[in-house]
file input32.pdb (PDB, C-alpha atoms)
MODEL        1
ATOM      1  CA  MET A   1     -42.244 -91.973 -23.022
ATOM      2  CA  ASN A   2     -44.923 -89.532 -21.970
ATOM      3  CA  ALA A   3     -45.346 -85.896 -23.011
ATOM      4  CA  GLN A   4     -44.147 -84.678 -19.623
ATOM      5  CA  ASN A   5     -40.746 -86.367 -20.077
ATOM      6  CA  PRO A   6     -39.697 -85.704 -23.649
ATOM      7  CA  PRO A   7     -36.396 -87.293 -24.715
ATOM      8  CA  SER A   8     -33.277 -85.219 -24.276
ATOM      9  CA  LEU A   9     -31.486 -84.016 -27.398
ATOM     10  CA  GLY A  10     -28.747 -86.562 -26.750
ATOM     11  CA  GLU A  11     -31.311 -89.358 -27.098
ATOM     12  CA  LEU A  12     -32.809 -88.146 -30.383
ATOM     13  CA  PRO A  13     -31.663 -89.630 -33.691
ATOM     14  CA  ASP A  14     -29.769 -87.330 -36.055
ATOM     15  CA  GLU A  15     -32.717 -87.013 -38.411
ATOM     16  CA  ASP A  16     -34.985 -85.732 -35.616
ATOM     17  CA  LEU A  17     -32.365 -83.190 -34.585
ATOM     18  CA  MET A  18     -32.128 -82.002 -38.186
ATOM     19  CA  THR A  19     -35.923 -81.727 -38.365
ATOM     20  CA  LEU A  20     -35.797 -79.430 -35.316
ATOM     21  CA  ILE A  21     -33.185 -77.289 -37.077
ATOM     22  CA  ALA A  22     -35.389 -77.064 -40.177
ATOM     23  CA  GLN A  23     -38.213 -75.906 -37.892
ATOM     24  CA  GLY A  24     -36.052 -73.076 -36.560
ATOM     25  CA  ILE A  25     -34.832 -74.662 -33.303
ATOM     26  CA  VAL A  26     -31.147 -74.377 -34.076
ATOM     27  CA  ALA A  27     -28.596 -73.897 -31.294
ATOM     28  CA  GLU A  28     -28.950 -77.029 -29.172
ATOM     29  CA  PRO A  29     -29.631 -79.520 -32.006
ATOM     30  CA  VAL A  30     -26.659 -78.202 -34.009
ATOM     31  CA  ALA A  31     -24.428 -78.466 -30.944
ATOM     32  CA  GLU A  32     -25.452 -82.105 -30.489
ATOM     33  CA  LEU A  33     -24.931 -82.946 -34.168
ATOM     34  CA  PHE A  34     -21.582 -81.138 -34.076
ATOM     35  CA  ARG A  35     -20.546 -83.218 -31.063
ATOM     36  CA  ARG A  36     -21.502 -86.429 -32.874
ATOM     37  CA  HIS A  37     -20.117 -85.751 -36.344
ATOM     38  CA  ASN A  38     -17.571 -82.937 -36.457
ATOM     39  CA  ARG A  39     -14.409 -85.013 -36.059
ATOM     40  CA  ALA A  40     -15.230 -87.379 -38.939
ATOM     41  CA  LEU A  41     -16.507 -84.497 -41.067
ATOM     42  CA  PHE A  42     -13.334 -82.506 -40.466
ATOM     43  CA  ASN A  43     -11.178 -85.528 -41.367
ATOM     44  CA  PHE A  44     -13.004 -85.883 -44.677
ATOM     45  CA  ILE A  45     -12.652 -82.192 -45.449
ATOM     46  CA  ALA A  46      -8.992 -82.043 -44.377
ATOM     47  CA  TRP A  47      -8.058 -84.907 -46.699
ATOM     48  CA  SER A  48     -10.021 -83.300 -49.484
ATOM     49  CA  CYS A  49      -8.103 -80.051 -48.866
ATOM     50  CA  GLN A  50      -4.823 -81.952 -49.136
ATOM     51  CA  GLY A  51      -3.926 -81.291 -45.530
ATOM     52  CA  ASP A  52      -4.440 -77.505 -45.569
ATOM     53  CA  ARG A  53      -5.805 -77.165 -42.041
ATOM     54  CA  ASP A  54      -6.895 -73.525 -42.388
ATOM     55  CA  GLU A  55      -8.866 -74.254 -45.538
ATOM     56  CA  ALA A  56     -10.367 -77.385 -43.975
ATOM     57  CA  GLU A  57     -11.486 -75.462 -40.886
ATOM     58  CA  ASP A  58     -13.025 -72.770 -43.088
ATOM     59  CA  ILE A  59     -14.924 -75.293 -45.213
ATOM     60  CA  CYS A  60     -16.025 -77.263 -42.159
ATOM     61  CA  GLN A  61     -17.387 -74.079 -40.592
ATOM     62  CA  LYS A  62     -19.209 -73.173 -43.821
ATOM     63  CA  THR A  63     -20.706 -76.666 -43.905
ATOM     64  CA  TRP A  64     -22.132 -76.289 -40.402
ATOM     65  CA  LEU A  65     -23.454 -72.799 -41.223
ATOM     66  CA  LYS A  66     -25.206 -74.137 -44.323
ATOM     67  CA  LEU A  67     -26.674 -76.935 -42.233
ATOM     68  CA  MET A  68     -27.995 -74.409 -39.692
ATOM     69  CA  ARG A  69     -29.744 -72.461 -42.458
ATOM     70  CA  CYS A  70     -31.356 -75.501 -44.033
ATOM     71  CA  ALA A  71     -35.088 -74.975 -43.773
ATOM     72  CA  ASN A  72     -36.155 -77.510 -46.401
ATOM     73  CA  TYR A  73     -34.704 -80.699 -44.907
ATOM     74  CA  GLN A  74     -36.622 -83.851 -45.747
ATOM     75  CA  PRO A  75     -35.429 -87.015 -43.961
ATOM     76  CA  THR A  76     -35.340 -89.105 -47.147
ATOM     77  CA  ALA A  77     -31.764 -90.268 -46.503
ATOM     78  CA  ALA A  78     -29.620 -90.801 -43.440
ATOM     79  CA  PHE A  79     -28.466 -87.580 -41.816
ATOM     80  CA  ARG A  80     -24.792 -88.415 -42.379
ATOM     81  CA  THR A  81     -25.466 -88.704 -46.099
ATOM     82  CA  PHE A  82     -27.143 -85.291 -46.033
ATOM     83  CA  LEU A  83     -24.281 -83.747 -44.029
ATOM     84  CA  TYR A  84     -21.614 -85.112 -46.371
ATOM     85  CA  GLN A  85     -23.555 -83.870 -49.406
ATOM     86  CA  ILE A  86     -23.441 -80.366 -47.922
ATOM     87  CA  ALA A  87     -19.719 -80.742 -47.172
ATOM     88  CA  ARG A  88     -18.985 -82.040 -50.663
ATOM     89  CA  ASN A  89     -20.905 -79.193 -52.299
ATOM     90  CA  THR A  90     -19.094 -76.688 -50.082
ATOM     91  CA  LEU A  91     -15.761 -78.238 -51.105
ATOM     92  CA  LEU A  92     -16.707 -78.043 -54.782
ATOM     93  CA  ASP A  93     -17.692 -74.389 -54.364
ATOM     94  CA  ALA A  94     -14.365 -73.675 -52.663
ATOM     95  CA  ARG A  95     -12.452 -75.384 -55.465
ATOM     96  CA  LYS A  96     -14.187 -73.184 -58.016
ATOM     97  CA  SER A  97     -13.202 -69.989 -56.233
ATOM     98  CA  ALA A  98      -9.865 -68.402 -57.029
ATOM     99  CA  TYR A  99      -8.587 -68.143 -53.446
ATOM    100  CA  ALA A 100      -8.833 -71.909 -52.944
ATOM    101  CA  GLN A 101      -6.505 -72.762 -55.848
ATOM    102  CA  HIS A 102      -3.290 -72.966 -53.826
ATOM    103  CA  GLU A 103      -1.318 -76.076 -52.919
ATOM    104  CA  ALA A 104      -0.945 -77.394 -49.405
ATOM    105  CA  LEU A 105       2.110 -76.166 -47.541
ATOM    106  CA  ASP A 106       4.950 -78.645 -47.068
ATOM    107  CA  GLY A 107       5.075 -78.104 -43.292
ATOM    108  CA  ASN A 108       1.751 -79.850 -42.634
ATOM    109  CA  GLU A 109       3.188 -83.136 -41.322
ATOM    110  CA  GLU A 110       1.170 -85.555 -39.274
ATOM    111  CA  ARG A 111       1.840 -85.141 -35.596
ATOM    112  CA  ILE A 112       3.243 -88.321 -34.098
ATOM    113  CA  PRO A 113       2.554 -88.898 -30.410
ATOM    114  CA  ASP A 114       5.530 -88.829 -28.071
ATOM    115  CA  ASP A 115       5.049 -92.419 -26.919
ATOM    116  CA  ASP A 116       8.026 -94.610 -26.186
ATOM    117  CA  LEU A 117       9.364 -94.403 -29.724
ATOM    118  CA  THR A 118      13.072 -94.455 -30.255
ATOM    119  CA  PRO A 119      14.390 -91.743 -32.580
ATOM    120  CA  ASP A 120      14.904 -94.355 -35.315
ATOM    121  CA  ALA A 121      11.373 -95.728 -34.889
ATOM    122  CA  GLU A 122       9.906 -92.226 -34.934
ATOM    123  CA  LEU A 123      11.833 -91.373 -38.104
ATOM    124  CA  SER A 124      10.650 -94.588 -39.735
ATOM    125  CA  LEU A 125       7.040 -93.878 -38.722
ATOM    126  CA  ARG A 126       7.257 -90.322 -40.078
ATOM    127  CA  GLN A 127       8.634 -91.632 -43.360
ATOM    128  CA  ASP A 128       5.850 -94.205 -43.599
ATOM    129  CA  LEU A 129       3.189 -91.576 -42.840
ATOM    130  CA  HIS A 130       4.691 -89.288 -45.454
ATOM    131  CA  ARG A 131       4.649 -92.101 -48.052
ATOM    132  CA  VAL A 132       1.017 -92.962 -47.290
ATOM    133  CA  HIS A 133      -0.009 -89.295 -47.355
ATOM    134  CA  ARG A 134       1.806 -88.745 -50.652
ATOM    135  CA  ALA A 135       0.179 -91.880 -52.127
ATOM    136  CA  LEU A 136      -3.290 -90.734 -51.033
ATOM    137  CA  MET A 137      -2.711 -87.276 -52.471
ATOM    138  CA  ALA A 138      -1.595 -88.859 -55.765
ATOM    139  CA  LEU A 139      -4.976 -90.550 -56.172
ATOM    140  CA  PRO A 140      -7.443 -88.968 -58.578
ATOM    141  CA  VAL A 141      -9.830 -86.732 -56.625
ATOM    142  CA  LEU A 142     -12.865 -89.021 -57.001
ATOM    143  CA  GLN A 143     -10.910 -92.053 -55.800
ATOM    144  CA  ARG A 144      -9.362 -90.175 -52.858
ATOM    145  CA  GLU A 145     -12.802 -88.892 -51.907
ATOM    146  CA  VAL A 146     -14.311 -92.379 -51.559
ATOM    147  CA  VAL A 147     -11.254 -93.699 -49.676
ATOM    148  CA  VAL A 148     -11.454 -90.841 -47.182
ATOM    149  CA  LEU A 149     -15.225 -91.176 -46.751
ATOM    150  CA  ARG A 150     -14.910 -94.933 -46.212
ATOM    151  CA  PHE A 151     -11.917 -95.139 -43.904
ATOM    152  CA  PHE A 152     -11.592 -91.769 -42.216
ATOM    153  CA  SER A 153     -15.262 -90.800 -41.976
ATOM    154  CA  GLU A 154     -16.434 -94.438 -41.699
ATOM    155  CA  LEU A 155     -19.378 -94.103 -44.074
ATOM    156  CA  SER A 156     -20.907 -97.231 -45.565
ATOM    157  CA  LEU A 157     -20.679 -97.775 -49.306
ATOM    158  CA  GLU A 158     -24.373 -96.899 -49.587
ATOM    159  CA  GLU A 159     -23.855 -93.639 -47.670
ATOM    160  CA  ILE A 160     -20.863 -92.759 -49.849
ATOM    161  CA  ALA A 161     -22.846 -93.410 -53.019
ATOM    162  CA  ALA A 162     -25.622 -91.111 -51.824
ATOM    163  CA  SER A 163     -23.166 -88.447 -50.625
ATOM    164  CA  VAL A 164     -21.208 -88.229 -53.861
ATOM    165  CA  GLY A 165     -24.178 -88.778 -56.168
ATOM    166  CA  ALA A 166     -22.775 -91.937 -57.706
ATOM    167  CA  GLY A 167     -24.033 -95.484 -57.968
ATOM    168  CA  PHE A 168     -23.069 -98.172 -55.489
ATOM    169  CA  GLU A 169     -21.079-100.084 -58.136
ATOM    170  CA  THR A 170     -19.271 -96.885 -59.133
ATOM    171  CA  VAL A 171     -18.176 -96.352 -55.531
ATOM    172  CA  LYS A 172     -16.941 -99.947 -55.310
ATOM    173  CA  SER A 173     -15.052 -99.497 -58.560
ATOM    174  CA  ARG A 174     -13.437 -96.252 -57.376
ATOM    175  CA  LEU A 175     -12.318 -97.972 -54.185
ATOM    176  CA  ARG A 176     -10.918-100.923 -56.114
ATOM    177  CA  TYR A 177      -8.934 -98.646 -58.444
ATOM    178  CA  ALA A 178      -7.757 -96.549 -55.497
ATOM    179  CA  PHE A 179      -6.460 -99.625 -53.659
ATOM    180  CA  ALA A 180      -4.670-100.863 -56.774
ATOM    181  CA  HIS A 181      -3.044 -97.451 -57.164
ATOM    182  CA  LEU A 182      -2.070 -97.339 -53.484
ATOM    183  CA  ARG A 183      -0.554-100.829 -53.660
ATOM    184  CA  ARG A 184       1.553 -99.768 -56.658
ATOM    185  CA  GLU A 185       2.594 -96.502 -54.993
ATOM    186  CA  LEU A 186       3.493 -98.187 -51.721
ATOM    187  CA  GLY A 187       5.269-101.080 -53.433
ATOM    188  CA  GLN A 188       2.929-103.863 -52.323
ATOM    189  CA  THR A 189       1.717-106.734 -54.436
ATOM    190  CA  GLU A 190      -1.661-108.396 -54.228
TER     191      GLU A 190
ENDMDL
END
call {"tool": "encode", "arguments": {"input": "input32.pdb", "output": "C-alpha cells"}}
result
Amino acid sequence: MNAQNPPSLGELPDEDLMTLIAQGIVAEPVAELFRRHNRALFNFIAWSCQGDRDEAEDICQKTWLKLMRCANYQPTAAFRTFLYQIARNTLLDARKSAYAQHEALDGNEERIPDDDLTPDAELSLRQDLHRVHRALMALPVLQREVVVLRFFSELSLEEIAASVGAGFETVKSRLRYAFAHLRRELGQTE
C-alpha cells in the first residue's frame, strides 16, 4: 500500500486502532472497535452483572469511556485482552461501590424468539433457559467469569488468563470445576 492510499479504519487491526486512540485520534477508531467488540463485551458484562441490563449498560459505557481516555496503551497483548481487562476492572470497581450491591430483578427473563414454537415447547424452553441461567448464577464468581469469557465472549484460554490476571492452568481448572458444578446442577452425569 502506498502513502496516498492509506488503509481504511475497517482494514486496520484492533491494536493499530487502539494506538490511534492513544495518540488522540479517538472518534472513528473507537466507533470501529465498538462495532467489532461491543456485543461480546456486553454479553460478558451482563452475565457478570447477573442479568441486570441497566447495570450492564452502565458498566459497558464506562468501559468504552475508559478505553477512549487511555493514553498509555502499549500493544504488548492482544487488544481483546486489554479491553476485557478494562471491563473487568470496571466491574470490580462497580462491585465495590454501594449502589451496585443490589440483586438482579426477577423479571429479567431471556427473550425467546417467536418462531414456530408450540406453547408447550416455548414453556419447556423457558424452563430450560431458567435452569441454565440459575446454574450459571450459582457458580462462584471466578468460575462464572471464565465460563462467560470463554463461551459468550469467545476468548481463548490464553486471552482469558491475561484478562483476569491468572495463569493458564488456573483458567483451565476454573473451567473444569465450573463444568462439574453445572453438570451437578443440571442433573447430568459425565
call {"tool": "closest_residue", "arguments": {"input": "input32.pdb", "among": "A:Leu155, A:Val30, A:Ala87, A:Val146", "to": "Lys172 in chain A", "atoms": "all atoms listed in the file"}}
result
A:Val146
call {"tool": "closest_residue", "arguments": {"input": "input32.pdb", "among": "A:Ile160, A:Leu186, A:Ala31, A:Ala40", "to": "Ala77 in chain A", "atoms": "only C-alpha atoms"}}
result
A:Ile160
call {"tool": "residues_near_point", "arguments": {"input": "input32.pdb", "point": "(-12.3, -76.9, -43.6)", "cutoff": "10 Å", "atoms": "only C-alpha atoms", "output": "PyMOL selection string"}}
result
chain A and resi 41-49+51-63+87+90-91+94
call {"tool": "write_last_selection", "arguments": {"input": "input32.pdb", "atoms": "C-alpha atoms", "output": "CSV table (one decimal), keeping the file's coordinate frame"}}
result
chain,number,residue,atom,x,y,z
A,41,LEU,CA,-16.5,-84.5,-41.1
A,42,PHE,CA,-13.3,-82.5,-40.5
A,43,ASN,CA,-11.2,-85.5,-41.4
A,44,PHE,CA,-13.0,-85.9,-44.7
A,45,ILE,CA,-12.7,-82.2,-45.4
A,46,ALA,CA,-9.0,-82.0,-44.4
A,47,TRP,CA,-8.1,-84.9,-46.7
A,48,SER,CA,-10.0,-83.3,-49.5
A,49,CYS,CA,-8.1,-80.1,-48.9
A,51,GLY,CA,-3.9,-81.3,-45.5
A,52,ASP,CA,-4.4,-77.5,-45.6
A,53,ARG,CA,-5.8,-77.2,-42.0
A,54,ASP,CA,-6.9,-73.5,-42.4
A,55,GLU,CA,-8.9,-74.3,-45.5
A,56,ALA,CA,-10.4,-77.4,-44.0
A,57,GLU,CA,-11.5,-75.5,-40.9
A,58,ASP,CA,-13.0,-72.8,-43.1
A,59,ILE,CA,-14.9,-75.3,-45.2
A,60,CYS,CA,-16.0,-77.3,-42.2
A,61,GLN,CA,-17.4,-74.1,-40.6
A,62,LYS,CA,-19.2,-73.2,-43.8
A,63,THR,CA,-20.7,-76.7,-43.9
A,87,ALA,CA,-19.7,-80.7,-47.2
A,90,THR,CA,-19.1,-76.7,-50.1
A,91,LEU,CA,-15.8,-78.2,-51.1
A,94,ALA,CA,-14.4,-73.7,-52.7
call {"tool": "atom_distance", "arguments": {"input": "input32.pdb", "atom1": "CA of Leu9 in chain A", "atom2": "CA of Phe34 in chain A"}}
result
12.3 Å
call {"tool": "atom_distance", "arguments": {"input": "input32.pdb", "atom1": "CA of Arg131 in chain A", "atom2": "CA of His37 in chain A"}}
result
28.1 Å
call {"tool": "closest_residue", "arguments": {"input": "input32.pdb", "among": "A:Phe151, A:Arg144, A:Glu28, A:Thr118", "to": "Arg174 in chain A", "atoms": "all atoms listed in the file"}}
result
A:Arg144
call {"tool": "atom_distance", "arguments": {"input": "input32.pdb", "atom1": "CA of Trp64 in chain A", "atom2": "CA of Ser8 in chain A"}}
result
21.5 Å
call {"tool": "resolve_selection", "arguments": {"input": "input32.pdb", "expression": "the PyMOL selection byres ((chain A and resi 74) around 12)", "output": "ChimeraX atom specification"}}
result
/A:15-23,70-73,75-79,82
call {"tool": "resolve_selection", "arguments": {"input": "input32.pdb", "expression": "the PyMOL selection byres ((chain A and resi 134-138) around 10)", "output": "tab-separated table (two decimals) with C-alpha atoms, keeping the file's coordinate frame"}}
result
chain	number	residue	atom	x	y	z
A	47	TRP	CA	-8.06	-84.91	-46.70
A	48	SER	CA	-10.02	-83.30	-49.48
A	49	CYS	CA	-8.10	-80.05	-48.87
A	50	GLN	CA	-4.82	-81.95	-49.14
A	51	GLY	CA	-3.93	-81.29	-45.53
A	128	ASP	CA	5.85	-94.20	-43.60
A	129	LEU	CA	3.19	-91.58	-42.84
A	130	HIS	CA	4.69	-89.29	-45.45
A	131	ARG	CA	4.65	-92.10	-48.05
A	132	VAL	CA	1.02	-92.96	-47.29
A	133	HIS	CA	-0.01	-89.30	-47.36
A	139	LEU	CA	-4.98	-90.55	-56.17
A	140	PRO	CA	-7.44	-88.97	-58.58
A	141	VAL	CA	-9.83	-86.73	-56.62
A	143	GLN	CA	-10.91	-92.05	-55.80
A	144	ARG	CA	-9.36	-90.18	-52.86
A	145	GLU	CA	-12.80	-88.89	-51.91
A	147	VAL	CA	-11.25	-93.70	-49.68
A	148	VAL	CA	-11.45	-90.84	-47.18
A	178	ALA	CA	-7.76	-96.55	-55.50
A	179	PHE	CA	-6.46	-99.62	-53.66
A	181	HIS	CA	-3.04	-97.45	-57.16
A	182	LEU	CA	-2.07	-97.34	-53.48
A	183	ARG	CA	-0.55	-100.83	-53.66
A	184	ARG	CA	1.55	-99.77	-56.66
A	185	GLU	CA	2.59	-96.50	-54.99
A	186	LEU	CA	3.49	-98.19	-51.72
call {"tool": "residues_around", "arguments": {"input": "input32.pdb", "residues": "Ala162 in chain A", "least_positions_apart": "3", "cutoff": "9 Å", "atoms": "all atoms listed in the file", "output": "PyMOL selection string"}}
result
chain A and resi 77+81-82+85+157-159+165-168
call {"tool": "closest_residue", "arguments": {"input": "input32.pdb", "among": "A:Arg39, A:Ser163, A:Gln127, A:Gly187", "to": "Tyr84 in chain A", "atoms": "only C-alpha atoms"}}
result
A:Ser163
call {"tool": "closest_residue", "arguments": {"input": "input32.pdb", "among": "A:Val26, A:Arg126, A:Leu33, A:Met68", "to": "Leu12 in chain A", "atoms": "all atoms listed in the file"}}
result
A:Leu33
call {"tool": "axis_aligned_box", "arguments": {"input": "input32.pdb", "around": "range 16-32 of chain A", "padding_each_side": "8 Å", "output": "JSON"}}
result
{"center_x": -31.3, "center_y": -79.4, "center_z": -34.7, "size_x": 29.8, "size_y": 28.7, "size_z": 27.0}
call {"tool": "build_atoms", "arguments": {"input": "input32.pdb", "residues": "range 119-150 of chain A", "atoms": "N, CA and C atoms", "output": "short mmCIF file (atom, residue, chain, number, x, y, z; two decimals), in the coordinates of the input"}}
result
data_model
loop_
_atom_site.label_atom_id
_atom_site.label_comp_id
_atom_site.auth_asym_id
_atom_site.auth_seq_id
_atom_site.Cartn_x
_atom_site.Cartn_y
_atom_site.Cartn_z
N PRO A 119 14.25 -92.68 -31.46
CA PRO A 119 14.39 -91.74 -32.58
C PRO A 119 14.34 -92.44 -33.94
N ASP A 120 14.94 -93.62 -34.05
CA ASP A 120 14.90 -94.36 -35.32
C ASP A 120 13.48 -94.80 -35.66
N ALA A 121 12.75 -95.28 -34.66
CA ALA A 121 11.37 -95.73 -34.89
C ALA A 121 10.49 -94.54 -35.26
N GLU A 122 10.69 -93.41 -34.61
CA GLU A 122 9.91 -92.23 -34.93
C GLU A 122 10.19 -91.76 -36.36
N LEU A 123 11.45 -91.76 -36.75
CA LEU A 123 11.83 -91.37 -38.10
C LEU A 123 11.19 -92.31 -39.12
N SER A 124 11.25 -93.61 -38.84
CA SER A 124 10.65 -94.59 -39.74
C SER A 124 9.14 -94.38 -39.85
N LEU A 125 8.48 -94.11 -38.72
CA LEU A 125 7.04 -93.88 -38.72
C LEU A 125 6.71 -92.61 -39.51
N ARG A 126 7.48 -91.56 -39.32
CA ARG A 126 7.26 -90.32 -40.08
C ARG A 126 7.41 -90.57 -41.58
N GLN A 127 8.43 -91.34 -41.95
CA GLN A 127 8.63 -91.63 -43.36
C GLN A 127 7.47 -92.43 -43.93
N ASP A 128 6.99 -93.41 -43.15
CA ASP A 128 5.85 -94.20 -43.60
C ASP A 128 4.60 -93.34 -43.75
N LEU A 129 4.34 -92.47 -42.76
CA LEU A 129 3.19 -91.58 -42.84
C LEU A 129 3.29 -90.66 -44.05
N HIS A 130 4.48 -90.17 -44.30
CA HIS A 130 4.69 -89.29 -45.45
C HIS A 130 4.42 -90.05 -46.76
N ARG A 131 4.89 -91.29 -46.85
CA ARG A 131 4.65 -92.10 -48.05
C ARG A 131 3.16 -92.35 -48.26
N VAL A 132 2.46 -92.70 -47.18
CA VAL A 132 1.02 -92.96 -47.29
C VAL A 132 0.28 -91.68 -47.68
N HIS A 133 0.63 -90.57 -47.04
CA HIS A 133 -0.01 -89.30 -47.36
C HIS A 133 0.23 -88.93 -48.81
N ARG A 134 1.46 -89.06 -49.27
CA ARG A 134 1.81 -88.74 -50.65
C ARG A 134 1.04 -89.66 -51.62
N ALA A 135 0.92 -90.94 -51.27
CA ALA A 135 0.18 -91.88 -52.13
C ALA A 135 -1.30 -91.52 -52.18
N LEU A 136 -1.88 -91.15 -51.04
CA LEU A 136 -3.29 -90.73 -51.03
C LEU A 136 -3.50 -89.47 -51.85
N MET A 137 -2.58 -88.52 -51.72
CA MET A 137 -2.71 -87.28 -52.47
C MET A 137 -2.51 -87.49 -53.97
N ALA A 138 -1.82 -88.56 -54.35
CA ALA A 138 -1.60 -88.86 -55.76
C ALA A 138 -2.82 -89.50 -56.42
N LEU A 139 -3.76 -89.96 -55.61
CA LEU A 139 -4.98 -90.55 -56.17
C LEU A 139 -5.79 -89.49 -56.92
N PRO A 140 -6.49 -89.89 -57.97
CA PRO A 140 -7.44 -88.97 -58.58
C PRO A 140 -8.47 -88.53 -57.52
N VAL A 141 -8.96 -87.33 -57.65
CA VAL A 141 -9.83 -86.73 -56.62
C VAL A 141 -11.01 -87.64 -56.29
N LEU A 142 -11.68 -88.20 -57.27
CA LEU A 142 -12.86 -89.02 -57.00
C LEU A 142 -12.51 -90.30 -56.25
N GLN A 143 -11.34 -90.86 -56.54
CA GLN A 143 -10.91 -92.05 -55.80
C GLN A 143 -10.51 -91.69 -54.37
N ARG A 144 -9.76 -90.60 -54.20
CA ARG A 144 -9.36 -90.18 -52.86
C ARG A 144 -10.60 -89.87 -52.01
N GLU A 145 -11.58 -89.25 -52.62
CA GLU A 145 -12.80 -88.89 -51.91
C GLU A 145 -13.48 -90.13 -51.31
N VAL A 146 -13.62 -91.19 -52.09
CA VAL A 146 -14.31 -92.38 -51.56
C VAL A 146 -13.46 -93.10 -50.52
N VAL A 147 -12.13 -93.09 -50.68
CA VAL A 147 -11.25 -93.70 -49.68
C VAL A 147 -11.39 -92.96 -48.35
N VAL A 148 -11.36 -91.64 -48.41
CA VAL A 148 -11.45 -90.84 -47.18
C VAL A 148 -12.82 -91.02 -46.53
N LEU A 149 -13.88 -90.99 -47.32
CA LEU A 149 -15.22 -91.18 -46.75
C LEU A 149 -15.37 -92.55 -46.11
N ARG A 150 -14.78 -93.56 -46.73
CA ARG A 150 -14.91 -94.93 -46.21
C ARG A 150 -14.08 -95.16 -44.95
#
